[in-house]
Amino acid sequence: MISLNINQKNYDVDVNPDMPLLWVLRDVIGLVGTKYGCGVAQCGACVVHLNGEAVRSCVTKVKRAEGQKVVTIEGLAENSDHPLQKAWLEVDVPQCGYCQCGQLMSAAVLLRENPNPTDQDIDDAMAGNLCRCGTYLRIKKAIHLAADMQRKG
Amino acid sequence: MKRQSVNYKLHAWRLKTMIILVIVCAAIGIISSSFENKNKVGSIESDAAKDSVASVKAFMQVYKVLMSPRCMNCHPSGDVPLQGDDSHIHTMLPKRGKDGKGIYAMKCNNCHQPENLPGLHKPPGNPNWHLPPSDMKMVFQGRTPRQLAKQIMDPKQNGNKSKQKLLEHAHDALVLAGWNMGEGRSLPPMSHEEFVKVWTTWIEKGAYAPPR
């Protein structure tokens, strides 16, 4: 049995400790906002926060998360009103949407560590999140907007 | 009187010869010592252990390991690590960051787990995965044997490591990880045991730098 804290709720799951965290989130707990993309940490669709860091849950074994704090897209903000989520709606960022939860989770770490990012900072932080629809320019615009919203409170 | 004058001249000539000989010997000593110091890049306690030929020969073996992808990939000349057996720029362009552990959502441990994962093309793992920090980059890529030997023995460029610390560094967990990089990746050109042997020989024989 492995004890997890996900989005501030405790779960005890009876799984193989080597199972990827992504599988536990989606198939055992039922939090399906986090997506499976490449399975080898190359695309960023599966990014969740582990103690605040943007880990790739497809290659993170669930045992690494035991007793740690995990946040998924469902727990990024209580009412889905994180400045990034509001900015994403405002700019209408997604096309197909498959990669967007991972994009948001990575962007959230950027804004926490750098409330006023430049275009270069955004490129550096988001270079590991792929979008086959090519929404990169809208993502950049939305991150700037979210940073602005965050600064203005 | 004449005999006294001859004796005096002979004595003066002997004295001059001796002084010249002393000066010549001293000059030869200084020149040879400076030539030796130019190639010796580390201090050693015992002169008896010095052997520039054996030391340089050992370093050339060390160099082959340090320039192999398993070592050089995390000692790049830029701020992005290298990747793969062909040492291409790491996909996703993760940046070094101040502490060498990446930046923002692109920190090394976000993908590199504490251990290797089964399967090809999975990120290799280590609990302490990182590049050298930005204020001590310890670049291997592009260095000649001479440049690298001098750099490694320079405390200002090696993380302030003493000779003893350098000897111990061969057993560092992240150095050892070079011989355990997960499926599908080539190994350094000799075993870790052989590497420790040539590394130790290089340093203990005087840590001489190759001529080029």
# chains A, B, ... in the order shown; residues from 1 in each chain; ligands from 1
$ select_by_dssp --residues "chain A" --states "strand (DSSP E or B)" --output "VMD selection string"
chain A and resid 2 to 6 9 to 13 20 47 to 50 53 to 56 61 69 to 71
$ select_by_dssp --residues "region 50-104 of chain A" --states "helix (DSSP H, G or I)" --output "list of chain:residue names"
A:Val62, A:Lys63, A:Arg64, A:Ala65, A:Ile73, A:Glu74, A:Gly75, A:Pro83, A:Leu84, A:Gln85, A:Lys86, A:Ala87, A:Trp88, A:Leu89, A:Glu90, A:Val91, A:Gln100, A:Cys101, A:Gly102, A:Gln103, A:Leu104
$ interface_residues --of "chain A" --to "chain B" --cutoff "8 Å" --atoms "only C-alpha atoms" --output "list in words"
Val40, Ala41, Gln42, Glu53, Ala54, Val55, Arg56, Val59, Thr60, Ser106, Ala107, Val109, Leu110, Glu113, Asp124, Ala125, Met126, Ala127 and Gly128 of chain A
$ residues_around --residues "Leu104 (chain A)" --least-positions-apart "2" --cutoff "9 Å" --atoms "only C-alpha atoms" --output "PyMOL selection string"
chain A and resi 47+73+76+84-85+88+99-102+106-109+139
$ write_last_selection --atoms "N, CA and C atoms" --output "PDB file, in the first residue's frame"
ATOM      1  N   VAL A  47       2.959  16.369 -17.397  1.00  0.00           N
ATOM      2  CA  VAL A  47       3.580  17.119 -16.286  1.00  0.00           C
ATOM      3  C   VAL A  47       2.596  17.323 -15.129  1.00  0.00           C
ATOM      4  N   ILE A  73      -3.494  18.987 -12.729  1.00  0.00           N
ATOM      5  CA  ILE A  73      -4.241  20.121 -13.294  1.00  0.00           C
ATOM      6  C   ILE A  73      -5.561  20.332 -12.537  1.00  0.00           C
ATOM      7  N   LEU A  76      -4.671  22.580  -9.542  1.00  0.00           N
ATOM      8  CA  LEU A  76      -3.840  23.786  -9.716  1.00  0.00           C
ATOM      9  C   LEU A  76      -4.460  24.993  -9.021  1.00  0.00           C
ATOM     10  N   LEU A  84      -3.169  31.655 -14.880  1.00  0.00           N
ATOM     11  CA  LEU A  84      -2.853  31.003 -16.169  1.00  0.00           C
ATOM     12  C   LEU A  84      -4.114  30.435 -16.809  1.00  0.00           C
ATOM     13  N   GLN A  85      -4.970  29.829 -16.009  1.00  0.00           N
ATOM     14  CA  GLN A  85      -6.204  29.248 -16.569  1.00  0.00           C
ATOM     15  C   GLN A  85      -7.107  30.354 -17.122  1.00  0.00           C
ATOM     16  N   TRP A  88      -5.510  31.580 -20.282  1.00  0.00           N
ATOM     17  CA  TRP A  88      -5.667  30.568 -21.356  1.00  0.00           C
ATOM     18  C   TRP A  88      -7.042  30.725 -22.025  1.00  0.00           C
ATOM     19  N   CYS A  99      -2.234  18.671 -25.175  1.00  0.00           N
ATOM     20  CA  CYS A  99      -0.994  18.993 -24.446  1.00  0.00           C
ATOM     21  C   CYS A  99      -1.179  20.072 -23.395  1.00  0.00           C
ATOM     22  N   GLN A 100      -2.363  20.692 -23.370  1.00  0.00           N
ATOM     23  CA  GLN A 100      -2.495  21.955 -22.633  1.00  0.00           C
ATOM     24  C   GLN A 100      -2.379  21.824 -21.117  1.00  0.00           C
ATOM     25  N   CYS A 101      -2.797  20.701 -20.558  1.00  0.00           N
ATOM     26  CA  CYS A 101      -2.667  20.548 -19.098  1.00  0.00           C
ATOM     27  C   CYS A 101      -1.191  20.532 -18.709  1.00  0.00           C
ATOM     28  N   GLY A 102      -0.402  19.843 -19.504  1.00  0.00           N
ATOM     29  CA  GLY A 102       1.045  19.827 -19.257  1.00  0.00           C
ATOM     30  C   GLY A 102       1.644  21.211 -19.435  1.00  0.00           C
ATOM     31  N   SER A 106       3.591  23.335 -16.418  1.00  0.00           N
ATOM     32  CA  SER A 106       4.963  23.855 -16.569  1.00  0.00           C
ATOM     33  C   SER A 106       4.986  25.372 -16.412  1.00  0.00           C
ATOM     34  N   ALA A 107       4.009  26.034 -17.038  1.00  0.00           N
ATOM     35  CA  ALA A 107       3.953  27.501 -16.955  1.00  0.00           C
ATOM     36  C   ALA A 107       3.755  27.961 -15.513  1.00  0.00           C
ATOM     37  N   ALA A 108       3.026  27.173 -14.731  1.00  0.00           N
ATOM     38  CA  ALA A 108       2.773  27.551 -13.331  1.00  0.00           C
ATOM     39  C   ALA A 108       4.070  27.589 -12.529  1.00  0.00           C
ATOM     40  N   VAL A 109       4.977  26.666 -12.822  1.00  0.00           N
ATOM     41  CA  VAL A 109       6.273  26.681 -12.122  1.00  0.00           C
ATOM     42  C   VAL A 109       7.067  27.914 -12.549  1.00  0.00           C
ATOM     43  N   ILE A 139       0.404  30.433 -26.427  1.00  0.00           N
ATOM     44  CA  ILE A 139       0.878  30.063 -25.075  1.00  0.00           C
ATOM     45  C   ILE A 139       1.730  31.192 -24.503  1.00  0.00           C
TER      46      ILE A 139
END
$ atom_distance --atom1 "CA of Ala207 (chain B)" --atom2 "CA of Met190 (chain B)"
20.2 Å
